[in-house]
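Structure first, commentary second.
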Amino acid sequence: MAFGISPRRDHDDRRGSAHSRGYTSAWQKARDVFLRENPLCAMHRERGQHVAAQVVDHIKAPRLRDALDSKDDERIAAARSLFWDRANWQPLCKLCHDSVKQRLEKSGRLSGCDASGRPIDPRHHWRTQAQGEGG
Ligand SMILES: [Zn+2]
């Protein structure tokens, strides 16, 4: 086990500690197990490429910290279960993970998934971007 060699400092500080967003040691453990069972990047694998996964991504963002801030018990419970729901996890390489996150941050939020409870279909815009020129 070799944690502690990642040079990320002022990253997490700005938007609350990683811990407050649910990334506890329990999460690290679960993540390790998951990556051992799912060692290949899901997005690359769909394109037939075998790339080692390095991170576990939440397909649907649990937004645990927002839920905690809201002090709304129902929301917190929902965020927690989403956070720990393995069906909501996907193994990604760093490159794919960053590109997913950049997209999410640009669009602000994942609209149309929370209220209706419909799962997001990642395939939708990740791979059909050629059609939507000009946005
Ligand atoms: Zn990848």
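Ordering of the structure tokens sets the chain letters (A, B, ...); residue numbers start at 1 within each chain; ligands are numbered from 1 in the order shown.
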Dump as a tab-separated table the rows for residues of chain A within 9 Å of ligand 1: closest atom pair and distance in Å with one decimal, only C-alpha atoms and all ligand atoms counted, ordered by chain and rising residue number.
```
residue	atom	partner	partner_atom_place_in_ligand_line	distance
A:Leu40	CA	ligand 1	1 (Zn)	8.1
A:Cys41	CA	ligand 1	1 (Zn)	4.7
A:Ala42	CA	ligand 1	1 (Zn)	6.6
A:Met43	CA	ligand 1	1 (Zn)	5.2
A:His44	CA	ligand 1	1 (Zn)	4.5
A:Arg45	CA	ligand 1	1 (Zn)	7.6
A:Gln49	CA	ligand 1	1 (Zn)	8.4
A:His50	CA	ligand 1	1 (Zn)	8.3
A:Val51	CA	ligand 1	1 (Zn)	6.1
A:Ala52	CA	ligand 1	1 (Zn)	7.6
A:Ala53	CA	ligand 1	1 (Zn)	6.9
A:Gln54	CA	ligand 1	1 (Zn)	8.9
A:Pro91	CA	ligand 1	1 (Zn)	8.5
A:Leu92	CA	ligand 1	1 (Zn)	5.3
A:Cys93	CA	ligand 1	1 (Zn)	4.2
A:Lys94	CA	ligand 1	1 (Zn)	6.7
A:Leu95	CA	ligand 1	1 (Zn)	5.7
A:Cys96	CA	ligand 1	1 (Zn)	4.3
A:His97	CA	ligand 1	1 (Zn)	7.2
```
Leaving out stretch 18-30 of chain A and any residue of its chain fewer than 4 positions from it, which residues lie within 9 Å of it when counting only C-alpha atoms, given as an MDAnalysis selection string? chainID A and resid 12:13 34:35 63:66 68 80 83:84
Writing out the chosen residues with C-alpha atoms as a PDB file, in the first residue's frame:
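Everything below was put into selection.pdb:
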```
ATOM      1  CA  ASP A  12      -8.782  20.008  -2.283  1.00  0.00           C
ATOM      2  CA  ASP A  13      -8.464  22.858   0.123  1.00  0.00           C
ATOM      3  CA  PHE A  34     -13.009  -2.017  -6.916  1.00  0.00           C
ATOM      4  CA  LEU A  35      -9.982  -1.160  -9.031  1.00  0.00           C
ATOM      5  CA  ARG A  63     -22.821  15.665  -4.332  1.00  0.00           C
ATOM      6  CA  LEU A  64     -22.449  14.503  -0.787  1.00  0.00           C
ATOM      7  CA  ARG A  65     -21.004  17.743   0.423  1.00  0.00           C
ATOM      8  CA  ASP A  66     -23.875  19.776  -0.977  1.00  0.00           C
ATOM      9  CA  LEU A  68     -24.475  17.724   4.012  1.00  0.00           C
ATOM     10  CA  ARG A  80     -24.690   8.622   0.756  1.00  0.00           C
ATOM     11  CA  PHE A  83     -21.787   7.507  -3.126  1.00  0.00           C
ATOM     12  CA  TRP A  84     -21.540   3.904  -2.012  1.00  0.00           C
TER      13      TRP A  84
END
```
Counting only C-alpha atoms, the option among A:Asp32, A:Glu46, A:Asp85, A:Asp73 closest to A:Ala61: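 With only C-alpha atoms as the atom set, the closest residue is A:Asp85.
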Quick one, how far is atom CA of A:Ala77 from atom CA of A:Val33?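 For atom CA of A:Ala77 relative to atom CA of A:Val33, the distance reads 23.5 Å.
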Which neighbours of A:Arg86 fall inside 10 Å, counting only C-alpha atoms, when residues of the same chain fewer than 5 positions from it are skipped, and could you give them as a PDB file with N, CA and C atoms, in the first residue's frame?
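In the end it all went to selection-v2.pdb:
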```pdb
ATOM      1  N   ALA A  30     -12.398   0.768  -0.292  1.00  0.00           N
ATOM      2  CA  ALA A  30     -13.394   0.249  -1.230  1.00  0.00           C
ATOM      3  C   ALA A  30     -12.948   0.488  -2.668  1.00  0.00           C
ATOM      4  N   ARG A  31     -12.349   1.658  -2.873  1.00  0.00           N
ATOM      5  CA  ARG A  31     -11.871   2.008  -4.208  1.00  0.00           C
ATOM      6  C   ARG A  31     -10.769   1.052  -4.657  1.00  0.00           C
ATOM      7  N   PHE A  34     -12.291  -2.176  -5.654  1.00  0.00           N
ATOM      8  CA  PHE A  34     -13.009  -2.017  -6.916  1.00  0.00           C
ATOM      9  C   PHE A  34     -12.035  -1.990  -8.097  1.00  0.00           C
ATOM     10  N   VAL A  56     -11.702   5.709  -9.366  1.00  0.00           N
ATOM     11  CA  VAL A  56     -13.092   5.284  -9.428  1.00  0.00           C
ATOM     12  C   VAL A  56     -13.943   6.536  -9.526  1.00  0.00           C
ATOM     13  N   HIS A  58     -17.707   8.419  -9.909  1.00  0.00           N
ATOM     14  CA  HIS A  58     -19.142   8.254  -9.722  1.00  0.00           C
ATOM     15  C   HIS A  58     -19.834   8.673 -11.019  1.00  0.00           C
ATOM     16  N   ILE A  59     -20.531   7.745 -11.606  1.00  0.00           N
ATOM     17  CA  ILE A  59     -21.214   8.033 -12.867  1.00  0.00           C
ATOM     18  C   ILE A  59     -22.194   9.176 -12.657  1.00  0.00           C
ATOM     19  N   SER A  81     -26.084   6.972  -0.300  1.00  0.00           N
ATOM     20  CA  SER A  81     -26.289   5.692  -0.960  1.00  0.00           C
ATOM     21  C   SER A  81     -25.763   5.747  -2.391  1.00  0.00           C
TER      22      SER A  81
END
```
Residue set, stretch 76-106 of chain A restricted to alpha helix (DSSP H), as a PDB file with C-alpha atoms, in the first residue's frame:
```pdb
ATOM      1  CA  ILE A  76     -27.940  13.274   2.725  1.00  0.00           C
ATOM      2  CA  ALA A  77     -29.192   9.711   2.756  1.00  0.00           C
ATOM      3  CA  ALA A  78     -29.675   9.771  -0.992  1.00  0.00           C
ATOM      4  CA  ALA A  79     -26.213  11.199  -1.560  1.00  0.00           C
ATOM      5  CA  ARG A  80     -24.690   8.622   0.756  1.00  0.00           C
ATOM      6  CA  SER A  81     -26.289   5.692  -0.960  1.00  0.00           C
ATOM      7  CA  LEU A  82     -25.328   7.079  -4.336  1.00  0.00           C
ATOM      8  CA  PHE A  83     -21.787   7.507  -3.126  1.00  0.00           C
ATOM      9  CA  TRP A  84     -21.540   3.904  -2.012  1.00  0.00           C
ATOM     10  CA  LYS A  94      -6.750   9.766 -15.205  1.00  0.00           C
ATOM     11  CA  LEU A  95      -7.213  11.165 -18.671  1.00  0.00           C
ATOM     12  CA  CYS A  96     -10.820  10.076 -19.039  1.00  0.00           C
ATOM     13  CA  HIS A  97     -11.643  11.073 -15.498  1.00  0.00           C
ATOM     14  CA  ASP A  98     -10.356  14.582 -16.030  1.00  0.00           C
ATOM     15  CA  SER A  99     -12.227  15.001 -19.271  1.00  0.00           C
ATOM     16  CA  VAL A 100     -15.458  13.868 -17.622  1.00  0.00           C
ATOM     17  CA  LYS A 101     -15.002  16.255 -14.754  1.00  0.00           C
ATOM     18  CA  GLN A 102     -14.191  19.136 -17.035  1.00  0.00           C
ATOM     19  CA  ARG A 103     -17.385  18.568 -18.899  1.00  0.00           C
ATOM     20  CA  LEU A 104     -19.412  18.484 -15.733  1.00  0.00           C
ATOM     21  CA  GLU A 105     -17.833  21.616 -14.409  1.00  0.00           C
ATOM     22  CA  LYS A 106     -18.520  23.454 -17.620  1.00  0.00           C
TER      23      LYS A 106
END
```
